[in-house]
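**Student:** Pasting input02.cif here (mmCIF, C-alpha atoms):
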```cif
data_entry
#
loop_
_atom_site.group_PDB
_atom_site.id
_atom_site.type_symbol
_atom_site.label_atom_id
_atom_site.label_comp_id
_atom_site.auth_asym_id
_atom_site.auth_seq_id
_atom_site.Cartn_x
_atom_site.Cartn_y
_atom_site.Cartn_z
ATOM 1 C CA MET A 644 104.762 92.718 93.371
ATOM 2 C CA LYS A 645 106.662 90.115 95.381
ATOM 3 C CA PHE A 646 109.400 92.535 96.370
ATOM 4 C CA LEU A 647 106.978 94.939 98.029
ATOM 5 C CA LYS A 648 107.050 92.997 101.283
ATOM 6 C CA PHE A 649 110.839 93.134 101.388
ATOM 7 C CA LEU A 650 110.839 96.832 100.591
ATOM 8 C CA SER A 651 108.334 97.414 103.414
ATOM 9 C CA VAL A 652 110.399 95.427 105.912
ATOM 10 C CA GLY A 653 113.457 97.419 104.847
ATOM 11 C CA ILE A 654 111.637 100.727 105.334
ATOM 12 C CA LEU A 655 110.492 99.605 108.773
ATOM 13 C CA PHE A 656 114.054 98.546 109.611
ATOM 14 C CA GLY A 657 115.483 101.890 108.476
ATOM 15 C CA ILE A 658 112.966 103.858 110.520
ATOM 16 C CA ILE A 659 113.606 101.778 113.650
ATOM 17 C CA LEU A 660 117.373 102.145 113.348
ATOM 18 C CA VAL A 661 117.114 105.942 113.101
ATOM 19 C CA LYS A 662 114.475 106.365 115.790
ATOM 20 C CA SER A 663 116.406 104.112 118.178
ATOM 21 C CA GLU A 664 119.583 106.105 117.421
ATOM 22 C CA ALA A 665 121.324 102.780 116.721
ATOM 23 C CA VAL A 666 122.726 104.429 113.574
ATOM 24 C CA SER A 667 124.581 106.957 115.692
ATOM 25 C CA TRP A 668 128.348 106.664 116.004
ATOM 26 C CA TYR A 669 128.028 108.179 119.491
ATOM 27 C CA ARG A 670 125.680 105.446 120.690
ATOM 28 C CA ILE A 671 128.152 102.761 119.590
ATOM 29 C CA TYR A 672 130.974 104.534 121.415
ATOM 30 C CA GLU A 673 128.771 104.804 124.517
ATOM 31 C CA MET A 674 127.902 101.098 124.224
ATOM 32 C CA PHE A 675 131.550 100.029 124.167
ATOM 33 C CA ARG A 676 132.145 102.194 127.252
ATOM 34 C CA PHE A 677 129.155 100.602 129.030
ATOM 35 C CA GLU A 678 127.929 104.055 129.992
ATOM 36 C CA ALA A 679 124.304 103.547 128.996
ATOM 37 C CA LEU A 680 121.857 100.691 128.903
ATOM 38 C CA HIS A 681 120.505 101.980 125.573
ATOM 39 C CA MET A 682 122.326 99.838 122.954
ATOM 40 C CA HIS A 683 122.668 96.818 125.219
ATOM 41 C CA GLY A 684 118.948 97.092 125.922
ATOM 42 C CA ILE A 685 118.122 97.257 122.200
ATOM 43 C CA ILE A 686 120.208 94.198 121.322
ATOM 44 C CA GLY A 687 119.192 92.335 124.486
ATOM 45 C CA SER A 688 115.452 92.905 124.065
ATOM 46 C CA ALA A 689 115.690 92.105 120.338
ATOM 47 C CA VAL A 690 117.325 88.788 121.192
ATOM 48 C CA GLY A 691 114.780 88.094 123.952
ATOM 49 C CA VAL A 692 111.758 88.755 121.738
ATOM 50 C CA GLY A 693 113.464 87.032 118.793
ATOM 51 C CA MET A 694 114.095 83.927 120.872
ATOM 52 C CA LEU A 695 110.477 83.835 122.010
ATOM 53 C CA GLY A 696 109.225 84.385 118.459
ATOM 54 C CA LEU A 697 111.352 81.638 116.934
ATOM 55 C CA PHE A 698 110.366 79.302 119.776
ATOM 56 C CA LEU A 699 106.665 79.981 119.149
ATOM 57 C CA PHE A 700 107.107 79.582 115.370
ATOM 58 C CA LYS A 701 108.566 76.120 115.945
ATOM 59 C CA ARG A 702 106.172 75.178 118.770
ATOM 60 C CA MET A 703 103.091 76.123 116.797
ATOM 61 C CA GLY A 704 104.444 74.637 113.572
ATOM 62 C CA VAL A 705 104.158 77.944 111.733
ATOM 63 C CA LYS A 706 104.934 77.647 108.016
ATOM 64 C CA ASP A 707 106.565 80.419 106.017
ATOM 65 C CA VAL A 708 104.802 82.107 103.092
ATOM 66 C CA ALA A 709 105.953 79.341 100.734
ATOM 67 C CA GLY A 710 104.479 76.687 103.044
ATOM 68 C CA ASN A 711 107.835 75.397 104.299
ATOM 69 C CA SER A 712 108.565 74.641 107.937
ATOM 70 C CA ILE A 713 110.571 77.348 109.657
ATOM 71 C CA ALA A 714 114.186 76.218 109.866
ATOM 72 C CA LEU A 715 117.042 78.650 110.190
ATOM 73 C CA PRO A 716 120.395 77.638 108.727
ATOM 74 C CA GLN A 717 122.720 76.234 111.359
ATOM 75 C CA LYS A 718 126.081 78.002 111.645
ATOM 76 C CA LYS A 719 129.020 75.621 111.208
ATOM 77 C CA LYS A 720 130.865 74.737 114.410
ATOM 78 C CA SER A 721 134.203 76.450 114.695
ATOM 79 C CA LEU A 722 136.057 78.792 116.993
ATOM 80 C CA ILE A 723 138.767 80.618 115.112
ATOM 81 C CA ARG A 724 136.707 82.194 112.336
ATOM 82 C CA TYR A 725 134.087 83.528 114.719
ATOM 83 C CA LEU A 726 136.562 84.832 117.248
ATOM 84 C CA VAL A 727 139.061 86.352 114.806
ATOM 85 C CA GLY A 728 136.531 87.474 112.200
ATOM 86 C CA GLY A 729 134.273 88.803 114.943
ATOM 87 C CA SER A 730 137.124 90.759 116.537
ATOM 88 C CA LEU A 731 138.143 92.288 113.206
ATOM 89 C CA PHE A 732 134.548 93.342 112.618
ATOM 90 C CA GLY A 733 134.366 94.705 116.178
ATOM 91 C CA LEU A 734 137.408 96.902 115.539
ATOM 92 C CA GLY A 735 135.760 98.303 112.430
ATOM 93 C CA TRP A 736 132.347 98.646 114.060
ATOM 94 C CA ALA A 737 133.728 100.749 116.920
ATOM 95 C CA LEU A 738 135.820 102.926 114.601
ATOM 96 C CA ALA A 739 133.163 103.472 111.923
ATOM 97 C CA GLY A 740 130.379 103.559 114.499
ATOM 98 C CA ALA A 741 128.219 101.672 112.024
ATOM 99 C CA CYS A 742 127.678 98.034 111.162
ATOM 100 C CA PRO A 743 126.386 96.838 107.773
ATOM 101 C CA GLY A 744 122.701 97.655 108.462
ATOM 102 C CA PRO A 745 123.174 101.249 109.653
ATOM 103 C CA MET A 746 125.661 101.944 106.843
ATOM 104 C CA TYR A 747 122.879 101.846 104.285
ATOM 105 C CA VAL A 748 120.362 103.618 106.502
ATOM 106 C CA LEU A 749 122.803 106.506 107.003
ATOM 107 C CA ILE A 750 122.754 107.240 103.269
ATOM 108 C CA GLY A 751 119.032 107.872 103.615
ATOM 109 C CA THR A 752 119.636 110.246 106.518
ATOM 110 C CA GLY A 753 121.759 112.397 104.222
ATOM 111 C CA ASN A 754 125.185 111.348 105.484
ATOM 112 C CA TYR A 755 126.557 110.744 102.012
ATOM 113 C CA SER A 756 130.207 110.352 103.028
ATOM 114 C CA VAL A 757 129.142 106.952 104.375
ATOM 115 C CA VAL A 758 129.251 105.791 100.745
ATOM 116 C CA LEU A 759 133.051 105.730 101.111
ATOM 117 C CA LEU A 760 132.689 103.501 104.159
ATOM 118 C CA ILE A 761 130.504 101.105 102.161
ATOM 119 C CA PHE A 762 133.028 101.189 99.318
ATOM 120 C CA ALA A 763 135.773 100.220 101.788
ATOM 121 C CA ALA A 764 133.551 97.471 103.205
ATOM 122 C CA LEU A 765 133.117 96.088 99.679
ATOM 123 C CA ILE A 766 136.900 96.054 99.252
ATOM 124 C CA GLY A 767 137.210 94.239 102.591
ATOM 125 C CA THR A 768 134.607 91.681 101.529
ATOM 126 C CA PHE A 769 136.368 91.222 98.186
ATOM 127 C CA ALA A 770 139.731 90.785 99.944
ATOM 128 C CA TYR A 771 138.222 88.101 102.151
ATOM 129 C CA GLY A 772 136.957 86.271 99.068
ATOM 130 C CA LEU A 773 140.476 86.322 97.608
ATOM 131 C CA VAL A 774 142.254 84.942 100.679
ATOM 132 C CA LYS A 775 139.428 82.774 102.071
ATOM 133 C CA GLU A 776 141.093 79.450 101.243
ATOM 134 C CA LYS A 777 144.312 80.470 102.991
ATOM 135 C CA LEU A 778 142.607 81.440 106.256
ATOM 136 C CA PRO A 779 141.900 79.036 109.109
ATOM 137 C CA HIS A 780 138.148 78.559 109.533
ATOM 138 C CA MET B 866 102.861 112.852 118.439
ATOM 139 C CA ASP B 867 105.780 113.307 120.825
ATOM 140 C CA PHE B 868 106.181 109.579 121.266
ATOM 141 C CA ILE B 869 106.853 109.316 117.519
ATOM 142 C CA LEU B 870 109.094 112.370 117.220
ATOM 143 C CA ASP B 871 111.127 111.674 120.351
ATOM 144 C CA PRO B 872 113.815 109.013 120.139
ATOM 145 C CA TRP B 873 112.327 105.586 120.787
ATOM 146 C CA PRO B 874 113.414 103.861 123.996
ATOM 147 C CA TRP B 875 115.362 100.608 123.803
ATOM 148 C CA TYR B 876 112.426 98.509 124.999
ATOM 149 C CA VAL B 877 110.415 99.654 121.975
ATOM 150 C CA SER B 878 113.237 99.551 119.425
ATOM 151 C CA GLY B 879 114.662 96.146 120.389
ATOM 152 C CA PRO B 880 111.384 94.212 120.083
ATOM 153 C CA LEU B 881 110.647 96.000 116.775
ATOM 154 C CA ILE B 882 114.008 94.833 115.403
ATOM 155 C CA ALA B 883 113.055 91.303 116.498
ATOM 156 C CA ILE B 884 109.823 91.694 114.500
ATOM 157 C CA VAL B 885 111.859 92.648 111.414
ATOM 158 C CA MET B 886 113.906 89.470 111.872
ATOM 159 C CA LEU B 887 110.786 87.322 112.437
ATOM 160 C CA LEU B 888 109.039 88.818 109.387
ATOM 161 C CA LEU B 889 111.995 87.904 107.172
ATOM 162 C CA VAL B 890 111.995 84.369 108.607
ATOM 163 C CA PHE B 891 108.264 84.178 107.937
ATOM 164 C CA PHE B 892 108.945 85.294 104.363
ATOM 165 C CA GLY B 893 111.294 82.309 104.067
ATOM 166 C CA LYS B 894 114.506 84.355 104.315
ATOM 167 C CA THR B 895 116.957 85.313 107.034
ATOM 168 C CA PHE B 896 118.018 88.609 108.570
ATOM 169 C CA GLY B 897 121.593 89.312 107.457
ATOM 170 C CA MET B 898 122.720 92.701 106.273
ATOM 171 C CA SER B 899 126.418 92.035 105.636
ATOM 172 C CA SER B 900 125.571 89.325 103.051
ATOM 173 C CA ASN B 901 124.598 92.183 100.767
ATOM 174 C CA LEU B 902 128.247 93.233 100.564
ATOM 175 C CA ARG B 903 129.078 89.823 99.108
ATOM 176 C CA THR B 904 126.121 90.092 96.724
ATOM 177 C CA LEU B 905 127.253 93.528 95.551
ATOM 178 C CA CYS B 906 130.772 92.160 94.929
ATOM 179 C CA ALA B 907 129.259 89.321 92.891
ATOM 180 C CA MET B 908 127.141 91.794 90.941
ATOM 181 C CA GLY B 909 130.286 93.743 90.136
ATOM 182 C CA GLY B 910 131.906 90.669 88.594
ATOM 183 C CA ALA B 911 134.048 89.505 91.541
ATOM 184 C CA GLY B 912 133.171 85.907 90.621
ATOM 185 C CA LYS B 913 135.868 86.093 87.946
ATOM 186 C CA HIS B 914 138.481 86.515 90.672
ATOM 187 C CA ALA B 915 137.261 84.266 93.488
ATOM 188 C CA ASP B 916 134.847 81.341 93.683
ATOM 189 C CA PHE B 917 133.383 82.885 96.839
ATOM 190 C CA PHE B 918 131.580 85.346 94.568
ATOM 191 C CA ALA B 919 130.684 82.889 91.821
ATOM 192 C CA PHE B 920 127.044 82.398 92.748
ATOM 193 C CA ASP B 921 123.747 83.547 91.336
ATOM 194 C CA TRP B 922 123.504 87.000 92.904
ATOM 195 C CA LYS B 923 120.007 87.405 91.494
ATOM 196 C CA SER B 924 118.825 84.960 94.149
ATOM 197 C CA GLN B 925 119.697 87.697 96.662
ATOM 198 C CA LYS B 926 117.679 90.465 95.028
ATOM 199 C CA TRP B 927 115.176 90.248 97.872
ATOM 200 C CA ASN B 928 117.913 91.279 100.342
ATOM 201 C CA LEU B 929 119.057 94.162 98.152
ATOM 202 C CA THR B 930 115.419 95.242 98.193
ATOM 203 C CA VAL B 931 115.566 95.277 102.001
ATOM 204 C CA VAL B 932 118.635 97.539 101.679
ATOM 205 C CA ALA B 933 116.773 99.880 99.329
ATOM 206 C CA GLY B 934 113.952 99.982 101.868
ATOM 207 C CA ALA B 935 116.383 100.700 104.704
ATOM 208 C CA ILE B 936 117.732 103.722 102.807
ATOM 209 C CA ILE B 937 114.183 104.988 102.223
ATOM 210 C CA GLY B 938 113.364 104.300 105.891
ATOM 211 C CA GLY B 939 116.352 106.375 106.973
ATOM 212 C CA PHE B 940 115.139 109.256 104.831
ATOM 213 C CA VAL B 941 111.553 108.979 106.088
ATOM 214 C CA ALA B 942 112.668 108.854 109.718
ATOM 215 C CA VAL B 943 114.861 111.977 109.638
ATOM 216 C CA THR B 944 112.531 113.943 107.365
ATOM 217 C CA PHE B 945 109.120 113.229 108.871
ATOM 218 C CA LEU B 946 109.580 111.461 112.193
ATOM 219 C CA SER B 947 112.329 113.359 113.999
ATOM 220 C CA ASP B 948 112.632 116.575 115.952
ATOM 221 C CA GLN B 949 116.433 116.731 115.425
ATOM 222 C CA LYS B 950 117.138 117.085 119.122
ATOM 223 C CA PRO B 951 120.684 116.265 120.277
ATOM 224 C CA ILE B 952 121.276 112.670 121.367
ATOM 225 C CA ALA B 953 120.858 112.216 125.119
ATOM 226 C CA LEU B 954 124.209 110.584 125.785
ATOM 227 C CA ASN B 955 125.655 109.861 129.197
ATOM 228 C CA PRO B 956 127.557 113.031 130.279
ATOM 229 C CA GLU B 957 130.563 110.817 130.998
ATOM 230 C CA THR B 958 130.566 109.684 127.355
ATOM 231 C CA VAL B 959 130.423 113.322 126.242
ATOM 232 C CA ALA B 960 133.248 114.257 128.608
ATOM 233 C CA ALA B 961 135.419 111.386 127.349
ATOM 234 C CA LEU B 962 134.879 112.483 123.739
ATOM 235 C CA SER B 963 135.581 116.124 124.544
ATOM 236 C CA GLU B 964 138.867 115.019 126.043
ATOM 237 C CA LEU B 965 139.711 113.280 122.751
ATOM 238 C CA GLY B 966 139.007 116.568 120.961
ATOM 239 C CA PHE B 967 135.455 115.940 119.721
ATOM 240 C CA GLU B 968 133.155 118.964 119.580
ATOM 241 C CA LYS B 969 129.357 119.209 119.340
ATOM 242 C CA VAL B 970 129.063 115.679 120.699
ATOM 243 C CA GLY B 971 125.647 114.188 119.975
ATOM 244 C CA ALA B 972 124.419 117.155 117.905
ATOM 245 C CA ALA B 973 124.102 114.939 114.834
ATOM 246 C CA LEU B 974 124.015 111.186 114.241
ATOM 247 C CA LEU B 975 127.668 111.106 113.177
ATOM 248 C CA PRO B 976 130.668 113.117 114.397
ATOM 249 C CA GLY B 977 131.876 115.720 111.907
ATOM 250 C CA GLU B 978 135.400 114.841 113.072
ATOM 251 C CA LEU B 979 135.023 111.606 111.099
ATOM 252 C CA TYR B 980 132.352 112.096 108.475
ATOM 253 C CA ASP B 981 132.460 115.743 107.340
ATOM 254 C CA TRP B 982 133.710 115.948 103.762
ATOM 255 C CA ASP B 983 136.775 118.040 104.618
ATOM 256 C CA GLN B 984 137.782 115.355 107.123
ATOM 257 C CA VAL B 985 137.025 112.520 104.740
ATOM 258 C CA TRP B 986 139.271 114.065 102.083
ATOM 259 C CA SER B 987 142.202 114.515 104.493
ATOM 260 C CA VAL B 988 144.841 111.788 104.609
ATOM 261 C CA LYS B 989 144.046 110.865 108.194
ATOM 262 C CA GLY B 990 140.281 111.048 107.772
ATOM 263 C CA MET B 991 140.322 109.010 104.571
ATOM 264 C CA SER B 992 142.571 106.383 106.194
ATOM 265 C CA ILE B 993 140.202 106.041 109.136
ATOM 266 C CA ILE B 994 137.137 105.526 106.937
ATOM 267 C CA LEU B 995 138.883 103.105 104.591
ATOM 268 C CA ILE B 996 140.410 101.030 107.392
ATOM 269 C CA ALA B 997 137.147 100.971 109.357
ATOM 270 C CA GLY B 998 135.137 99.932 106.307
ATOM 271 C CA PHE B 999 137.694 97.310 105.288
ATOM 272 C CA LEU B 1000 137.596 95.754 108.770
ATOM 273 C CA VAL B 1001 133.790 95.661 108.698
ATOM 274 C CA GLY B 1002 133.705 94.025 105.265
ATOM 275 C CA PHE B 1003 136.515 91.545 105.901
ATOM 276 C CA GLY B 1004 135.532 90.755 109.483
ATOM 277 C CA THR B 1005 131.844 90.137 108.844
ATOM 278 C CA ARG B 1006 132.542 87.723 105.994
ATOM 279 C CA TYR B 1007 135.247 85.889 107.957
ATOM 280 C CA ALA B 1008 132.877 85.625 110.924
ATOM 281 C CA GLY B 1009 129.970 84.768 108.606
ATOM 282 C CA GLY B 1010 127.684 87.523 109.836
ATOM 283 C CA CYS B 1011 127.322 90.839 111.611
ATOM 284 C CA THR B 1012 125.027 92.287 114.240
ATOM 285 C CA SER B 1013 121.874 91.202 112.391
ATOM 286 C CA GLY B 1014 122.979 87.694 111.420
ATOM 287 C CA HIS B 1015 124.899 86.723 114.544
ATOM 288 C CA ALA B 1016 123.810 88.976 117.420
ATOM 289 C CA ILE B 1017 120.088 89.157 116.634
ATOM 290 C CA THR B 1018 119.303 86.046 114.566
ATOM 291 C CA GLY B 1019 122.010 83.668 115.776
ATOM 292 C CA LEU B 1020 121.572 84.371 119.485
ATOM 293 C CA SER B 1021 117.768 84.211 119.144
ATOM 294 C CA ASN B 1022 118.246 80.803 117.535
ATOM 295 C CA LEU B 1023 120.566 79.698 120.372
ATOM 296 C CA GLN B 1024 123.579 79.201 118.120
ATOM 297 C CA LEU B 1025 126.879 78.793 119.950
ATOM 298 C CA PRO B 1026 128.929 80.044 116.943
ATOM 299 C CA SER B 1027 126.991 83.316 117.093
ATOM 300 C CA LEU B 1028 127.762 83.729 120.778
ATOM 301 C CA ILE B 1029 131.465 83.272 120.009
ATOM 302 C CA ALA B 1030 131.163 85.813 117.176
ATOM 303 C CA VAL B 1031 129.431 88.352 119.438
ATOM 304 C CA ILE B 1032 132.170 87.898 122.042
ATOM 305 C CA GLY B 1033 134.600 88.634 119.197
ATOM 306 C CA PHE B 1034 132.620 91.784 118.260
ATOM 307 C CA PHE B 1035 133.112 93.022 121.799
ATOM 308 C CA ILE B 1036 136.798 92.058 121.997
ATOM 309 C CA GLY B 1037 137.435 94.150 118.874
ATOM 310 C CA GLY B 1038 135.108 96.970 119.892
ATOM 311 C CA LEU B 1039 136.545 97.300 123.385
ATOM 312 C CA LEU B 1040 140.094 97.211 122.052
ATOM 313 C CA MET B 1041 139.297 99.968 119.573
ATOM 314 C CA THR B 1042 137.364 102.172 122.014
ATOM 315 C CA HIS B 1043 139.625 101.892 125.027
ATOM 316 C CA VAL B 1044 143.100 101.201 123.659
ATOM 317 C CA LEU B 1045 143.277 102.498 120.093
ATOM 318 C CA PHE B 1046 141.044 105.608 120.240
ATOM 319 C CA PRO B 1047 143.453 107.568 122.478
ATOM 320 C CA LEU B 1048 146.205 106.788 119.941
ATOM 321 C CA ILE B 1049 144.118 107.718 116.886
ATOM 322 C CA PHE B 1050 142.369 110.879 118.121
#
```
In structure tokens, write the structure found in this file.
**Tutor:**
Amino acid sequence: MKFLKFLSVGILFGIILVKSEAVSWYRIYEMFRFEALHMHGIIGSAVGVGMLGLFLFKRMGVKDVAGNSIALPQKKKSLIRYLVGGSLFGLGWALAGACPGPMYVLIGTGNYSVVLLIFAALIGTFAYGLVKEKLPH
Amino acid sequence: MDFILDPWPWYVSGPLIAIVMLLLVFFGKTFGMSSNLRTLCAMGGAGKHADFFAFDWKSQKWNLTVVAGAIIGGFVAVTFLSDQKPIALNPETVAALSELGFEKVGAALLPGELYDWDQVWSVKGMSIILIAGFLVGFGTRYAGGCTSGHAITGLSNLQLPSLIAVIGFFIGGLLMTHVLFPLIF
């Protein structure tokens, strides 16, 4: 069952996001007010350990399960799409108090009204697909 | 068992999230949750309307499986691994929310003022959820990633575009929290 490993990683991810309270709207609000180290510490330590892990993967020539060298896709150089797109997402993140990972996890915690939020996010994604060619990237 | 049932501190949670990212990289994939929104659009037939969705969504089934796992994980965590204590927020955060009219701050994961069904079905409540969701969906695709793809993966991989995106996340988030919230609530 090749999908079992992805299901397991997802379960782990869901548990971490609940236990860290990163799925809480209140924690996101607190983060944007800089009134606790909590969320900044989570993201900061994730980036620190992630950086070290990716560095070691490359340094030690670790291969992935398919035997390929580890190479993450490079993001295309640009300014406008990251700054404008990022800001639009930031507005939504602060208002909804959930980004695309927590949205799904919250369904599992029994907050079913979040389904409407996901529905709206799908409409937003669809709208982007429609106007993509007209936007500066 | 208290260390399981209590909320996990940031210095445990953050490194664990990094392990999730590293596991996916080791499995030959990347950590990106907002991509699933594009996949779901493609599954729903959006490829007929825009080339952006005209791709083989089945190649992304692994990521939808991660989503399914995340939902299960959320259920497992609240059902078996939590003591349902209120969230230990900074009292200043609680005071600021009380001033905006929020009650029972931190008693649940989400504020009833936004996510209770009677709020969701009101004109104002529905507008808030729809606008917030739309911004998340549109913004993440325009920026090419969200917290998982840019903040965690991109910054770990020393990508300048991700740093710019994360700065954008904070520009939007700060604007919403400090300027728009007092107008909305």
**Student:** Could you state which residues are captured by the PyMOL selection byres ((chain A and resi 773) around 10) in this file, as a PyMOL selection string?
**Tutor:** (chain A and resi 767-772+774-777) or (chain B and resi 911+914-918)
**Student:** When the PyMOL selection byres ((chain A and resi 661-665) around 9) is applied to the file above, which residues end up in the set, as a PDB file with C-alpha atoms, in the coordinates of the input?
**Tutor:**
```pdb
ATOM      1  CA  PHE A 656     114.054  98.546 109.611  1.00  0.00           C
ATOM      2  CA  GLY A 657     115.483 101.890 108.476  1.00  0.00           C
ATOM      3  CA  ILE A 658     112.966 103.858 110.520  1.00  0.00           C
ATOM      4  CA  ILE A 659     113.606 101.778 113.650  1.00  0.00           C
ATOM      5  CA  LEU A 660     117.373 102.145 113.348  1.00  0.00           C
ATOM      6  CA  VAL A 666     122.726 104.429 113.574  1.00  0.00           C
ATOM      7  CA  SER A 667     124.581 106.957 115.692  1.00  0.00           C
ATOM      8  CA  TRP A 668     128.348 106.664 116.004  1.00  0.00           C
ATOM      9  CA  TYR A 669     128.028 108.179 119.491  1.00  0.00           C
ATOM     10  CA  ARG A 670     125.680 105.446 120.690  1.00  0.00           C
ATOM     11  CA  ILE A 671     128.152 102.761 119.590  1.00  0.00           C
ATOM     12  CA  HIS A 681     120.505 101.980 125.573  1.00  0.00           C
ATOM     13  CA  MET A 682     122.326  99.838 122.954  1.00  0.00           C
ATOM     14  CA  ILE A 685     118.122  97.257 122.200  1.00  0.00           C
ATOM     15  CA  ALA A 741     128.219 101.672 112.024  1.00  0.00           C
ATOM     16  CA  PRO A 745     123.174 101.249 109.653  1.00  0.00           C
ATOM     17  CA  VAL A 748     120.362 103.618 106.502  1.00  0.00           C
ATOM     18  CA  LEU A 749     122.803 106.506 107.003  1.00  0.00           C
ATOM     19  CA  THR A 752     119.636 110.246 106.518  1.00  0.00           C
TER      20      THR A 752
ATOM     21  CA  ILE B 869     106.853 109.316 117.519  1.00  0.00           C
ATOM     22  CA  LEU B 870     109.094 112.370 117.220  1.00  0.00           C
ATOM     23  CA  ASP B 871     111.127 111.674 120.351  1.00  0.00           C
ATOM     24  CA  PRO B 872     113.815 109.013 120.139  1.00  0.00           C
ATOM     25  CA  TRP B 873     112.327 105.586 120.787  1.00  0.00           C
ATOM     26  CA  PRO B 874     113.414 103.861 123.996  1.00  0.00           C
ATOM     27  CA  TRP B 875     115.362 100.608 123.803  1.00  0.00           C
ATOM     28  CA  VAL B 877     110.415  99.654 121.975  1.00  0.00           C
ATOM     29  CA  SER B 878     113.237  99.551 119.425  1.00  0.00           C
ATOM     30  CA  GLY B 879     114.662  96.146 120.389  1.00  0.00           C
ATOM     31  CA  GLY B 938     113.364 104.300 105.891  1.00  0.00           C
ATOM     32  CA  GLY B 939     116.352 106.375 106.973  1.00  0.00           C
ATOM     33  CA  ALA B 942     112.668 108.854 109.718  1.00  0.00           C
ATOM     34  CA  VAL B 943     114.861 111.977 109.638  1.00  0.00           C
ATOM     35  CA  LEU B 946     109.580 111.461 112.193  1.00  0.00           C
ATOM     36  CA  SER B 947     112.329 113.359 113.999  1.00  0.00           C
ATOM     37  CA  ILE B 952     121.276 112.670 121.367  1.00  0.00           C
ATOM     38  CA  LEU B 974     124.015 111.186 114.241  1.00  0.00           C
TER      39      LEU B 974
END
```
**Student:** Could you work out how far CA of Leu888 in chain B lies from CA of Glu673 in chain A, giving the answer in Å with one decimal?
**Tutor:**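 Taking CA of Glu673 in chain A as the start and CA of Leu888 in chain B as the end point, the length is 29.6 Å.
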**Student:** What residues come out when you apply the PyMOL selection byres ((chain B and resi 1034) around 7) to this file, written as a VMD selection string?
**Tutor:** (chain A and resid 729 to 730 732 to 733) or (chain B and resid 1030 to 1033 1035 to 1038)
**Student:** Find, counting all atoms listed in the file, the residue in B:Leu902, B:Ala961, B:Gln949, B:Phe999 that gets nearest to His1043 in chain B.
**Tutor:**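 Among the listed residues, B:Ala961 lies closest to His1043 in chain B.
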**Student:** In Å to one decimal, how far is CA of Ile936 in chain B from CA of Ile654 in chain A?
**Tutor:**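 Between CA of Ile654 in chain A and CA of Ile936 in chain B the gap works out to 7.2 Å.
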**Student:** Given the point (135.7, 106.6, 108.6) in the coordinates of this file, which residues lie within 6 Å, counting all atoms listed in the file, and how would they look as a list in words?
**Tutor:**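 Those residues lying close to the given coordinates are Ala739 of chain A; Leu979, Ile993, Ile994 and Ala997 of chain B.
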**Student:** Work out how far CA of Ala933 in chain B is from CA of Gly751 in chain A, in Å to one decimal.
**Tutor:**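 If I compute the distance from CA of Gly751 in chain A to CA of Ala933 in chain B, I get 9.3 Å.
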**Student:** I'd like to know which of B:Ser1021, B:Ser900, B:Ala1008, B:Tyr980 is closest to Leu995 in chain B, using all atoms listed in the file.
**Tutor:**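 With all atoms listed in the file as the atom set, the closest residue is B:Tyr980.
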**Student:** Could you tell me which of B:Phe868, B:Trp922, B:Phe1003, B:Trp986 comes closest to chain A if we count all atoms listed in the file?
**Tutor:**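 Closest to chain A, using all atoms listed in the file: B:Phe1003.
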**Student:** Which residue gives the smallest distance to chain A among B:Gly909, B:Leu965, B:Val1044, B:Asn1022, with all atoms listed in the file counted?
**Tutor:**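 Result for the nearest residue to chain A: B:Asn1022.
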**Student:** Between A:Arg676, A:Lys718, A:Lys701, A:His683, which residue has the minimum interatomic distance to Asn955 in chain B, considering all atoms listed in the file?
**Tutor:**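 With all atoms listed in the file as the atom set, the closest residue is A:Arg676.
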**Student:** Which residue out of A:Leu765, A:Ser651, A:Asn711, A:Met674 has the minimum interatomic distance to Asn901 in chain B when only C-alpha atoms are used?
**Tutor:**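 Checking each candidate against Asn901 in chain B, we get A:Leu765 as the closest.
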